[in-house]
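**Q** This is model-v2.txt (compact mmCIF, C-alpha atoms).
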# COMPACT_ATOMS: atom_id res chain seq x y z
CA MET A 953 -155.73 103.78 179.25
CA SER A 954 -155.48 102.62 175.65
CA ASP A 955 -151.99 104.12 175.39
CA THR A 956 -150.78 101.88 178.25
CA ILE A 957 -152.23 98.54 177.09
CA GLY A 958 -149.18 97.83 174.92
CA TYR A 959 -146.99 97.96 178.03
CA TYR A 960 -149.04 95.20 179.71
CA VAL A 961 -148.84 93.04 176.56
CA PHE A 962 -145.04 93.09 176.29
CA HIS A 963 -143.62 94.14 179.66
CA ALA A 964 -146.03 93.35 182.52
CA GLU A 965 -146.42 90.06 184.39
CA PRO A 966 -148.70 87.56 182.55
CA GLN A 967 -151.21 87.55 185.42
CA GLN A 968 -151.51 91.34 185.15
CA LEU A 969 -152.30 91.09 181.44
CA GLU A 970 -154.90 88.36 182.11
CA ALA A 971 -156.49 90.47 184.84
CA LEU A 972 -156.63 93.44 182.49
CA ARG A 973 -158.15 91.38 179.67
CA ALA A 974 -160.77 89.86 181.99
CA THR A 975 -161.74 93.27 183.33
CA LEU A 976 -162.04 94.71 179.83
CA GLU A 977 -164.18 91.78 178.65
CA GLN A 978 -166.48 92.21 181.65
CA ALA A 979 -166.84 95.92 180.85
CA ARG A 980 -167.48 95.12 177.17
CA ASN A 981 -170.23 92.65 178.09
CA GLU A 982 -171.91 95.18 180.39
CA ILE A 983 -171.78 97.83 177.67
CA LYS A 984 -173.40 95.46 175.17
CA GLN A 985 -176.38 95.02 177.48
CA LYS A 986 -177.22 98.71 177.16
CA PRO A 987 -179.30 99.95 174.20
CA ASP A 988 -177.35 101.08 171.13
CA GLU A 989 -178.37 104.70 170.49
CA GLY A 990 -176.60 105.21 167.20
CA GLU A 991 -173.07 105.37 168.60
CA ASP A 992 -170.11 106.32 166.47
CA PRO A 993 -168.89 102.98 164.98
CA ILE A 994 -165.26 104.09 165.41
CA ASN A 995 -165.10 106.26 168.53
CA GLY A 996 -168.24 105.12 170.33
CA LEU A 997 -168.19 103.25 173.67
CA ARG A 998 -168.77 99.80 172.11
CA ALA A 999 -166.07 100.28 169.48
CA THR A 1000 -163.63 101.57 172.10
CA ALA A 1001 -164.22 98.52 174.33
CA GLU A 1002 -163.75 96.05 171.47
CA ARG A 1003 -160.57 97.80 170.36
CA ALA A 1004 -159.16 97.77 173.90
CA ILE A 1005 -159.67 93.99 174.14
CA ARG A 1006 -158.05 93.48 170.74
CA MET A 1007 -155.04 95.49 171.96
CA THR A 1008 -154.40 92.89 174.75
CA ASN A 1009 -153.45 90.28 172.11
CA ALA A 1010 -149.76 90.35 171.07
CA ALA A 1011 -150.68 88.96 167.63
CA HIS A 1012 -152.25 92.33 166.80
CA TRP A 1013 -148.98 94.18 167.44
CA PRO A 1014 -146.76 93.27 164.45
CA LEU A 1015 -143.27 94.65 164.00
CA VAL A 1016 -143.06 97.45 161.44
CA LYS A 1017 -140.19 99.58 160.22
CA VAL A 1018 -140.43 103.35 160.69
CA ARG A 1019 -138.06 106.03 159.43
CA LEU A 1020 -136.70 108.42 162.01
CA GLN A 1021 -136.11 112.13 161.48
CA VAL A 1022 -132.36 111.53 161.28
CA GLY A 1023 -132.95 109.22 158.29
CA SER A 1024 -132.31 105.83 159.91
CA GLU A 1025 -134.92 103.06 160.31
CA MET A 1026 -135.97 101.07 163.34
CA GLU A 1027 -138.50 98.34 164.11
CA VAL A 1028 -141.39 99.10 166.46
CA ARG A 1029 -144.57 97.39 167.55
CA GLN A 1030 -147.65 98.94 165.94
CA PHE A 1031 -151.24 98.08 166.83
CA GLN A 1032 -153.22 96.61 163.93
CA ARG A 1033 -156.89 97.55 163.91
CA ASP A 1034 -159.68 95.14 163.07
CA PRO A 1035 -160.17 95.02 159.25
CA LYS A 1036 -163.84 96.02 159.57
CA GLU A 1037 -162.93 99.00 161.76
CA LEU A 1038 -160.14 99.90 159.34
CA ARG A 1039 -162.61 100.00 156.46
CA LEU A 1040 -164.89 102.28 158.46
CA LEU A 1041 -161.94 104.49 159.37
CA ASN A 1042 -160.82 104.76 155.75
CA ALA A 1043 -164.38 105.59 154.66
CA GLU A 1044 -164.63 108.28 157.35
CA THR A 1045 -161.25 109.71 156.31
CA THR A 1046 -162.45 109.85 152.70
CA ARG A 1047 -165.66 111.59 153.80
CA VAL A 1048 -163.78 114.16 155.90
CA GLN A 1049 -161.40 114.89 153.03
CA ALA A 1050 -164.35 115.31 150.65
CA ASP A 1051 -166.05 117.67 153.12
CA TRP A 1052 -162.85 119.65 153.48
CA ARG A 1053 -162.47 119.98 149.71
CA HIS A 1054 -166.17 120.90 149.40
CA HIS A 1055 -165.84 123.75 151.89
CA ASN A 1056 -162.48 124.81 150.52
CA VAL A 1057 -163.73 125.10 146.92
CA ARG A 1058 -166.83 126.93 148.08
CA ALA A 1059 -164.73 129.47 149.96
CA LYS A 1060 -162.31 129.95 147.06
CA VAL A 1061 -165.16 130.59 144.62
CA GLN A 1062 -166.64 133.26 146.89
CA LEU A 1063 -163.27 134.93 147.43
CA ALA A 1064 -162.49 134.92 143.69
CA LEU A 1065 -165.87 136.43 142.78
CA PHE A 1066 -165.57 139.34 145.20
CA ASP A 1067 -161.83 139.90 144.84
CA ARG A 1068 -160.84 139.68 141.20
CA ALA A 1069 -157.15 139.65 142.12
CA LYS A 1070 -157.75 136.25 143.77
CA SER A 1071 -159.41 134.74 140.66
CA THR A 1072 -157.25 132.33 138.68
CA ALA A 1073 -158.06 130.04 135.76
CA GLU A 1074 -157.57 127.03 138.05
CA ILE A 1075 -159.99 128.33 140.70
CA VAL A 1076 -162.60 129.22 138.07
CA ALA A 1077 -162.38 125.76 136.43
CA GLU A 1078 -162.45 124.00 139.81
CA GLY A 1079 -165.47 126.04 140.89
CA ILE A 1080 -167.39 125.18 137.70
CA GLU A 1081 -166.60 121.48 138.09
CA TRP A 1082 -167.69 121.58 141.75
CA ALA A 1083 -170.91 123.48 140.98
CA LYS A 1084 -171.92 121.09 138.21
CA ALA A 1085 -171.57 118.18 140.64
CA GLN A 1086 -173.96 119.68 143.20
CA PRO A 1087 -177.49 118.29 143.60
CA ALA A 1088 -180.36 119.96 141.79
CA ASN A 1089 -182.33 122.61 143.68
CA GLY A 1090 -185.08 120.16 144.52
CA GLU A 1091 -182.59 118.08 146.53
CA LEU A 1092 -181.42 121.12 148.48
CA GLU A 1093 -184.74 121.91 150.15
CA PRO A 1094 -184.25 122.88 153.81
CA SER A 1095 -185.37 120.58 156.60
CA GLU A 1096 -187.10 121.64 159.79
CA ASP A 1097 -184.85 119.89 162.31
CA ASP A 1098 -181.26 120.75 161.41
CA ASP A 1099 -180.23 124.40 161.26
CA GLN A 1100 -176.59 123.60 160.46
CA LYS A 1101 -177.54 121.43 157.48
CA ASN A 1102 -179.95 124.11 156.28
CA PHE A 1103 -177.19 126.72 156.53
CA ASP A 1104 -174.85 124.53 154.48
CA LYS A 1105 -177.54 123.83 151.88
CA GLU A 1106 -178.26 127.53 151.46
CA TRP A 1107 -174.55 128.30 151.21
CA ASP A 1108 -174.12 125.53 148.64
CA ARG A 1109 -176.97 126.93 146.57
CA ARG A 1110 -175.55 130.42 146.66
CA ALA A 1111 -172.04 129.13 145.89
CA VAL A 1112 -173.34 127.42 142.75
CA VAL A 1113 -174.71 130.79 141.59
CA MET A 1114 -171.36 132.39 142.49
CA ALA A 1115 -169.57 129.81 140.36
CA ALA A 1116 -171.87 130.62 137.44
CA ALA A 1117 -171.23 134.36 137.84
CA LEU A 1118 -167.50 133.73 138.12
CA ALA A 1119 -167.59 131.62 134.96
CA GLY A 1120 -169.36 134.37 133.04
CA ARG A 1121 -166.77 136.92 134.09
CA ASP A 1122 -163.46 135.04 134.07
CA TYR A 1123 -163.70 131.76 132.16
CA GLU A 1124 -161.53 132.07 129.03
CA ALA A 1125 -161.04 128.51 127.72
CA PRO A 1126 -162.09 127.55 124.14
CA ASP A 1127 -165.27 125.91 125.46
CA ARG A 1128 -166.55 129.18 126.99
CA SER A 1129 -169.79 128.96 125.01
CA ASP A 1130 -170.49 125.51 126.49
CA VAL A 1131 -169.78 126.79 129.99
CA LEU A 1132 -172.12 129.74 129.45
CA SER A 1133 -174.80 127.29 128.31
CA TRP A 1134 -174.59 125.89 131.84
CA ALA A 1135 -174.05 129.18 133.70
CA LEU A 1136 -176.86 131.27 132.18
CA PRO A 1137 -179.71 128.92 133.23
CA VAL A 1138 -178.23 128.86 136.75
CA LEU A 1139 -178.31 132.67 136.91
CA GLN A 1140 -181.80 132.82 135.39
CA ALA A 1141 -183.13 130.28 137.88
CA ALA A 1142 -181.65 132.26 140.78
CA ALA A 1143 -183.32 135.43 139.46
CA ALA A 1144 -186.70 133.68 139.33
CA GLU A 1145 -186.53 131.94 142.71
CA LYS A 1146 -187.07 133.58 146.05
CA ASP A 1147 -184.13 132.72 148.30
CA LYS A 1148 -184.21 133.02 152.08
CA GLU A 1149 -184.25 136.76 152.74
CA TYR A 1150 -182.08 138.60 155.25
CA PRO A 1151 -183.86 141.98 155.49
CA GLY A 1152 -181.57 144.95 155.81
CA ASN A 1153 -178.43 142.94 155.03
CA ASP A 1154 -176.78 144.37 151.92
CA GLN A 1155 -174.02 141.73 151.74
CA ILE A 1156 -174.29 140.25 148.26
CA GLN A 1157 -172.88 136.84 149.20
CA TYR A 1158 -175.88 136.10 151.44
CA ASN A 1159 -178.55 136.63 148.78
CA ALA A 1160 -178.83 134.43 145.69
CA THR A 1161 -180.79 137.08 143.77
CA ALA A 1162 -178.04 139.63 144.44
CA ILE A 1163 -175.37 137.15 143.32
CA CYS A 1164 -177.18 136.48 140.04
CA ALA A 1165 -177.59 140.28 139.58
CA LEU A 1166 -173.83 140.61 139.97
CA GLY A 1167 -173.39 137.78 137.45
CA PHE A 1168 -175.63 139.45 134.89
CA ALA A 1169 -173.84 142.77 135.44
CA VAL A 1170 -170.39 141.36 134.70
CA LEU A 1171 -171.75 139.41 131.72
CA TYR A 1172 -173.32 142.53 130.24
CA LEU A 1173 -170.15 144.54 130.73
CA ARG A 1174 -168.32 141.86 128.78
CA ASP A 1175 -170.78 140.97 125.99
CA GLN A 1176 -173.41 143.78 125.89
CA ASP A 1177 -176.10 141.19 125.21
CA VAL A 1178 -179.67 142.58 125.06
CA ILE A 1179 -181.17 139.60 126.93
CA THR A 1180 -178.69 140.12 129.75
CA ARG A 1181 -179.47 143.85 129.80
CA ASP A 1182 -183.20 143.14 130.07
CA ALA A 1183 -182.53 140.76 132.98
CA ILE A 1184 -180.71 143.61 134.74
CA LEU A 1185 -183.67 145.96 134.16
CA ARG A 1186 -185.94 143.46 135.86
CA LEU A 1187 -183.57 142.69 138.73
CA VAL A 1188 -183.02 146.35 139.64
CA SER A 1189 -186.69 146.60 140.60
CA ASP A 1190 -185.99 144.17 143.47
CA GLN A 1191 -186.13 146.14 146.70
CA HIS A 1192 -183.56 144.07 148.60
CA PRO A 1193 -180.52 146.25 149.48
CA ALA A 1194 -178.08 143.51 148.43
CA VAL A 1195 -179.53 143.42 144.91
CA LEU A 1196 -179.32 147.20 144.61
CA LYS A 1197 -175.72 147.05 145.84
CA ALA A 1198 -174.78 144.39 143.26
CA LEU A 1199 -176.01 146.61 140.41
CA GLY A 1200 -175.38 150.04 141.91
CA ARG A 1201 -171.66 149.41 142.28
CA HIS A 1202 -171.48 148.99 138.47
CA LEU A 1203 -173.29 152.20 137.51
CA PRO A 1204 -170.06 153.93 136.37
CA ASP A 1205 -169.17 150.86 134.27
CA PHE A 1206 -172.63 150.87 132.69
CA ALA A 1207 -172.28 154.60 131.98
CA ARG A 1208 -169.07 154.04 130.05
CA LEU A 1209 -170.88 151.58 127.77
CA ASP A 1210 -174.17 153.45 127.40
CA SER A 1211 -174.90 156.71 129.19
CA ARG A 1212 -178.63 155.98 128.96
CA LEU A 1213 -178.48 152.77 130.98
CA PRO A 1214 -177.81 154.29 134.43
CA ARG A 1215 -180.72 156.71 133.95
CA ALA A 1216 -183.01 153.84 132.99
CA LEU A 1217 -181.93 151.83 136.03
CA VAL A 1218 -182.39 154.79 138.38
CA ARG A 1219 -185.91 155.45 137.09
CA ILE A 1220 -186.86 151.80 137.67
CA VAL A 1221 -185.51 151.96 141.24
CA MET A 1222 -187.43 155.18 141.88
CA ALA A 1223 -190.67 153.76 140.47
CA SER A 1224 -190.35 150.52 142.43
CA SER A 1225 -189.73 152.53 145.62
CA VAL A 1226 -193.28 153.94 145.51
CA HIS A 1227 -195.54 151.52 147.38
CA PRO A 1228 -199.27 151.59 148.07
CA TYR A 1229 -200.42 151.87 151.66
CA ARG A 1230 -202.22 148.88 153.12
CA GLY A 1231 -205.89 148.84 152.31
CA ASP A 1232 -208.87 148.14 154.53
CA SER A 1233 -209.40 144.60 153.22
CA ASP A 1234 -207.50 141.68 151.71
CA HIS A 1235 -209.25 142.29 148.41
CA GLN A 1236 -208.06 145.90 148.33
CA ASN A 1237 -204.52 144.86 149.29
CA GLN A 1238 -204.44 142.31 146.48
CA ALA A 1239 -205.70 144.90 144.01
CA ASN A 1240 -203.07 147.38 145.20
CA GLN A 1241 -200.28 144.84 144.82
CA GLN A 1242 -201.50 143.86 141.35
CA ALA A 1243 -201.53 147.53 140.32
CA TYR A 1244 -198.01 147.91 141.75
CA ARG A 1245 -196.72 144.94 139.74
CA GLU A 1246 -198.34 146.23 136.57
CA MET A 1247 -196.77 149.64 137.13
CA ILE A 1248 -193.31 148.06 137.49
CA GLU A 1249 -193.82 145.98 134.33
CA ALA A 1250 -194.89 149.09 132.40
CA THR A 1251 -191.85 151.01 133.69
CA ILE A 1252 -189.46 148.23 132.65
CA ALA A 1253 -191.12 147.96 129.22
CA ALA A 1254 -190.80 151.72 128.65
CA GLU A 1255 -187.11 151.70 129.59
CA ARG A 1256 -186.49 148.71 127.34
CA GLN A 1257 -188.03 150.57 124.39
CA PHE A 1258 -185.92 153.63 125.24
CA LEU A 1259 -182.72 151.61 125.25
CA ASP A 1260 -183.74 149.88 122.01
CA ALA A 1261 -184.25 153.36 120.48
CA THR A 1262 -187.83 152.55 119.50
CA GLU A 1263 -189.31 155.18 121.86
CA GLY A 1264 -188.10 158.40 123.48
CA GLU A 1265 -186.74 158.72 126.99
CA PRO A 1266 -189.46 158.16 129.62
CA ALA A 1267 -190.36 160.88 132.08
CA TRP A 1268 -188.84 160.74 135.53
CA PRO A 1269 -191.17 159.19 138.12
CA GLU A 1270 -193.08 161.49 140.42
CA LEU A 1271 -192.56 160.63 144.06
CA PRO A 1272 -195.46 161.12 146.49
CA ALA A 1273 -194.93 163.76 149.14
CA TRP A 1274 -193.67 162.70 152.55
CA LEU A 1275 -196.58 162.59 154.98
CA SER A 1276 -195.43 165.19 157.50
CA ARG A 1277 -196.96 168.18 159.26
CA PRO A 1278 -195.37 171.05 161.18
CA ARG A 1279 -195.61 170.84 164.95
CA ARG A 1280 -198.06 173.30 166.40
CA GLY A 1281 -198.58 174.55 169.92
CA ILE A 1282 -201.76 174.71 171.97
CA ARG A 1283 -204.46 176.77 170.34
CA ILE A 1284 -206.81 178.99 172.34
CA GLY A 1285 -209.92 180.43 170.83
CA ASP A 1286 -212.21 179.58 167.96
CA TRP A 1287 -211.49 177.43 164.90
CA THR A 1288 -209.80 179.21 162.03
CA GLN A 1289 -209.80 178.65 158.28
CA GLU A 1290 -206.31 177.19 158.67
CA ASP A 1291 -207.67 174.50 160.96
CA ASP A 1292 -210.38 173.58 158.44
CA ASP A 1293 -207.77 173.31 155.66
CA GLU A 1294 -205.75 170.87 157.73
CA LEU A 1295 -208.79 168.64 158.31
CA ASP A 1296 -209.58 168.64 154.58
CA GLU A 1297 -206.14 167.27 153.57
CA GLU A 1298 -206.39 163.76 152.16
CA PRO A 1299 -203.66 161.36 153.25
CA PRO A 1300 -201.63 160.07 150.26
CA ASP A 1301 -202.36 156.63 148.79
CA HIS A 1302 -198.66 155.78 148.36
CA TYR A 1303 -195.45 156.15 150.31
CA VAL A 1304 -191.78 156.13 149.33
CA ASP A 1305 -189.22 153.63 150.59
CA GLU A 1306 -186.70 156.27 151.61
CA HIS A 1307 -184.12 153.62 152.63
CA THR A 1308 -183.88 152.36 149.05
CA LEU A 1309 -183.60 155.87 147.65
CA GLY A 1310 -180.98 156.74 150.26
CA ALA A 1311 -178.90 153.73 149.25
CA LEU A 1312 -179.36 154.66 145.59
CA VAL A 1313 -177.92 158.13 146.21
CA GLY A 1314 -174.83 156.50 147.65
CA TYR A 1315 -174.24 154.63 144.38
CA LEU A 1316 -174.94 157.75 142.29
CA ILE A 1317 -172.05 159.48 144.02
CA ARG A 1318 -169.72 157.13 142.11
CA LEU A 1319 -170.84 158.85 138.91
CA THR A 1320 -169.36 162.15 140.08
CA VAL A 1321 -165.82 160.73 139.92
CA GLY A 1322 -164.01 161.15 136.61
CA GLU A 1323 -165.43 162.64 133.45
Could you write out this file's structure as structure tokens?

**A**
Amino acid sequence: MSDTIGYYVFHAEPQQLEALRATLEQARNEIKQKPDEGEDPINGLRATAERAIRMTNAAHWPLVKVRLQVGSEMEVRQFQRDPKELRLLNAETTRVQADWRHHNVRAKVQLALFDRAKSTAEIVAEGIEWAKAQPANGELEPSEDDDQKNFDKEWDRRAVVMAAALAGRDYEAPDRSDVLSWALPVLQAAAAEKDKEYPGNDQIQYNATAICALGFAVLYLRDQDVITRDAILRLVSDQHPAVLKALGRHLPDFARLDSRLPRALVRIVMASSVHPYRGDSDHQNQANQQAYREMIEATIAAERQFLDATEGEPAWPELPAWLSRPRRGIRIGDWTQEDDDELDEEPPDHYVDEHTLGALVGYLIRLTVGE
């Protein structure tokens, strides 16, 4: 209907235009009597009605010159919006463009981090600038009533960590040390915080801890900094498959720098894969978990001393036996000594996360290629 109003203004009989205007004003007045439920100020019902009435006035259709595809110019009538509506429209256009740039930069940073051929100096610099402008973590806390906003907030948070990892790997400008002064705390904070977990998903881009592990890996390969190495030793004890993937894919690169480092990392993964069974009480469970954490800390400390050449190479962890028994058929007759032996077997106190060890083997296969 809006597309035909101009015809009534300039070509229809005057009484038709008056009838149209009167009908539109009546509709506008009826709409105003209804409660305003947060309508869109540009495309909502009220705004549409007001705009339609404004379109019935010839004074709001000035002549403007437009250039045709053939290169010539001609004068046409063009509807002129209300100045207030125009300001809202311009503000909305600015917001949409900012949202588009926000999503575009975020996507480019992710693509550049996981495909080095797509990483350019311009993308790296743009990603750093974008990441620095993002709100602090405290302002990115998820809400309970908007899943889409929560998804965007989580993606933003992970993209900031991606930008920091990308900066550590590819930023080459003279102010690299200043950029690293920003990037390292971002990676360290991501390593310390527990992001929303996606169990079983080994895609690095969906786990902030895995992204920061990837960032520390590329930083260590570039600078061989001891603090970065120690951060990797701690991160490899994380049992999430995405974290193991982020570090496991670099085992051959680590081996080329220091043949001891892959062995140290593998021992930490093996040790952290041995978990205590649930106890009979909360107190026992807490004690078991505390003992588990202390064991991991002791394992990391021993590997750190080994890599620092202050102690010898630690022994390989012993894995508890799988709790399995052979299937037996129906027995007829009296008990035997074999039956008594089976009843005397104590179930183990710990079990092995075979999924983690299975994934680890997949990354060890990379070490069989080459020298």

**Q** In Å, with one decimal, what is the gap from atom CA of Gly1120 of chain A to atom CA of Gly1322 of chain A?

**A** 27.5 Å

**Q** For Asp1127 of chain A, which residue among A:Leu1319, A:Ala964, A:Ala1144, A:Ala1077 is the nearest when counting only C-alpha atoms?

**A** A:Ala1077

**Q** Just want the 12 Å neighbourhood of Ala999 of chain A, counted on all atoms listed in the file, with same-chain residues fewer than 2 positions away dropped. Output as a list in words.

**A**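 So, after excluding close chain neighbours, the residues are Arg980, Ile983, Lys984, Asp988, Gly990, Glu991, Asp992, Pro993, Ile994, Asn995, Gly996, Leu997, Ala1001, Glu1002, Arg1003, Ala1004, Ile1005, Arg1006, Arg1033, Asp1034, Lys1036, Glu1037, Leu1038, Leu1040 and Leu1041 of chain A.
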
**Q** Write out the residues from the selection above, keeping C-alpha atoms, as a PDB file, in the coordinates of the input.

**A**
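Contents of the output file out_1.pdb:
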ATOM      1  CA  ARG A 980    -167.480  95.120 177.170  1.00  0.00           C
ATOM      2  CA  ILE A 983    -171.780  97.830 177.670  1.00  0.00           C
ATOM      3  CA  LYS A 984    -173.400  95.460 175.170  1.00  0.00           C
ATOM      4  CA  ASP A 988    -177.350 101.080 171.130  1.00  0.00           C
ATOM      5  CA  GLY A 990    -176.600 105.210 167.200  1.00  0.00           C
ATOM      6  CA  GLU A 991    -173.070 105.370 168.600  1.00  0.00           C
ATOM      7  CA  ASP A 992    -170.110 106.320 166.470  1.00  0.00           C
ATOM      8  CA  PRO A 993    -168.890 102.980 164.980  1.00  0.00           C
ATOM      9  CA  ILE A 994    -165.260 104.090 165.410  1.00  0.00           C
ATOM     10  CA  ASN A 995    -165.100 106.260 168.530  1.00  0.00           C
ATOM     11  CA  GLY A 996    -168.240 105.120 170.330  1.00  0.00           C
ATOM     12  CA  LEU A 997    -168.190 103.250 173.670  1.00  0.00           C
ATOM     13  CA  ALA A1001    -164.220  98.520 174.330  1.00  0.00           C
ATOM     14  CA  GLU A1002    -163.750  96.050 171.470  1.00  0.00           C
ATOM     15  CA  ARG A1003    -160.570  97.800 170.360  1.00  0.00           C
ATOM     16  CA  ALA A1004    -159.160  97.770 173.900  1.00  0.00           C
ATOM     17  CA  ILE A1005    -159.670  93.990 174.140  1.00  0.00           C
ATOM     18  CA  ARG A1006    -158.050  93.480 170.740  1.00  0.00           C
ATOM     19  CA  ARG A1033    -156.890  97.550 163.910  1.00  0.00           C
ATOM     20  CA  ASP A1034    -159.680  95.140 163.070  1.00  0.00           C
ATOM     21  CA  LYS A1036    -163.840  96.020 159.570  1.00  0.00           C
ATOM     22  CA  GLU A1037    -162.930  99.000 161.760  1.00  0.00           C
ATOM     23  CA  LEU A1038    -160.140  99.900 159.340  1.00  0.00           C
ATOM     24  CA  LEU A1040    -164.890 102.280 158.460  1.00  0.00           C
ATOM     25  CA  LEU A1041    -161.940 104.490 159.370  1.00  0.00           C
TER      26      LEU A1041
END

**Q** Please, which residues are within 8 Å of (-184.6, 158.3, 143.8) by the file's coordinates, counting only C-alpha atoms, and could they come as an MDAnalysis selection string?

**A** chainID A and resid 1218:1219 1221:1222 1225 1308:1310 1312:1313

**Q** Quick one: everything within 10 Å of segment 1269-1274 of chain A, counting all atoms listed in the file, minus sequence neighbours fewer than 5 positions away in the same chain. Send it as a list of chain:residue names.

**A** A:Val1218, A:Arg1219, A:Ile1220, A:Val1221, A:Met1222, A:Ala1223, A:Ser1224, A:Ser1225, A:Val1226, A:His1227, A:Thr1251, A:Pro1299, A:Pro1300, A:Asp1301, A:His1302, A:Tyr1303, A:Val1304, A:Glu1306

**Q** Quick one: residues within 12 Å of (-171.3, 150.6, 128.7) (file frame), counting only C-alpha atoms, please, as a list in words.

**A** Ala1169, Val1170, Leu1171, Tyr1172, Leu1173, Arg1174, Asp1175, Gln1176, Asp1177, Arg1181, His1202, Leu1203, Pro1204, Asp1205, Phe1206, Ala1207, Arg1208, Leu1209, Asp1210, Ser1211, Arg1212, Leu1213, Pro1214 and Leu1259 of chain A

**Q** Skip Arg1029 of chain A itself and residues of its chain fewer than 5 positions away, then list as a PyMOL selection string all residues within 8 Å of it, counting all atoms listed in the file.

**A** chain A and resi 1013-1016

**Q** Would you work out the distance separating atom CA of Arg1186 of chain A from atom CA of Ala1160 of chain A, expressed in Å to one decimal?

**A**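 Pair atom CA of Arg1186 of chain A / atom CA of Ala1160 of chain A returns 15.1 Å.
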
**Q** Could you check the closest approach to Thr956 of chain A for each of A:Met1007, A:Ala971, A:Val1195, A:Leu976 and tell me which residue wins, using all atoms listed in the file?

**A**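 Of the candidates, the smallest distance to Thr956 of chain A is held by A:Met1007.
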
**Q** Return the single residue from A:Gly1167, A:Gly1264, A:Gly1152, A:Gly1200 that is closest to Pro1137 of chain A, with distances computed using only C-alpha atoms.

**A** A:Gly1167

**Q** Given the choices A:Met953, A:Ala1125, A:Ala974, A:Ala1198, which gets closest to Leu1065 of chain A if the distance is worked out from all atoms listed in the file?

**A**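 Ranking A:Met953, A:Ala1125, A:Ala974, A:Ala1198 by distance to Leu1065 of chain A, first place goes to A:Ala1198.
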
**Q** In Å, with one decimal, what is the gap from atom CA of Gln1155 of chain A to atom CA of Ala1194 of chain A?

**A**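 These atoms are spaced 5.5 Å apart.
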
**Q** Write out as a ChimeraX atom specification each polymer residue whose atoms come within 8 Å of Val961 of chain A, counting all atoms listed in the file; drop sequence neighbours fewer than 5 positions from it.

**A** /A:969,1008-1010

**Q** Pick the closest to Lys1060 of chain A from A:Val1028, A:Ala979, A:Ala1111, A:Ala1261: which is it, counting all atoms listed in the file?

**A** A:Ala1111
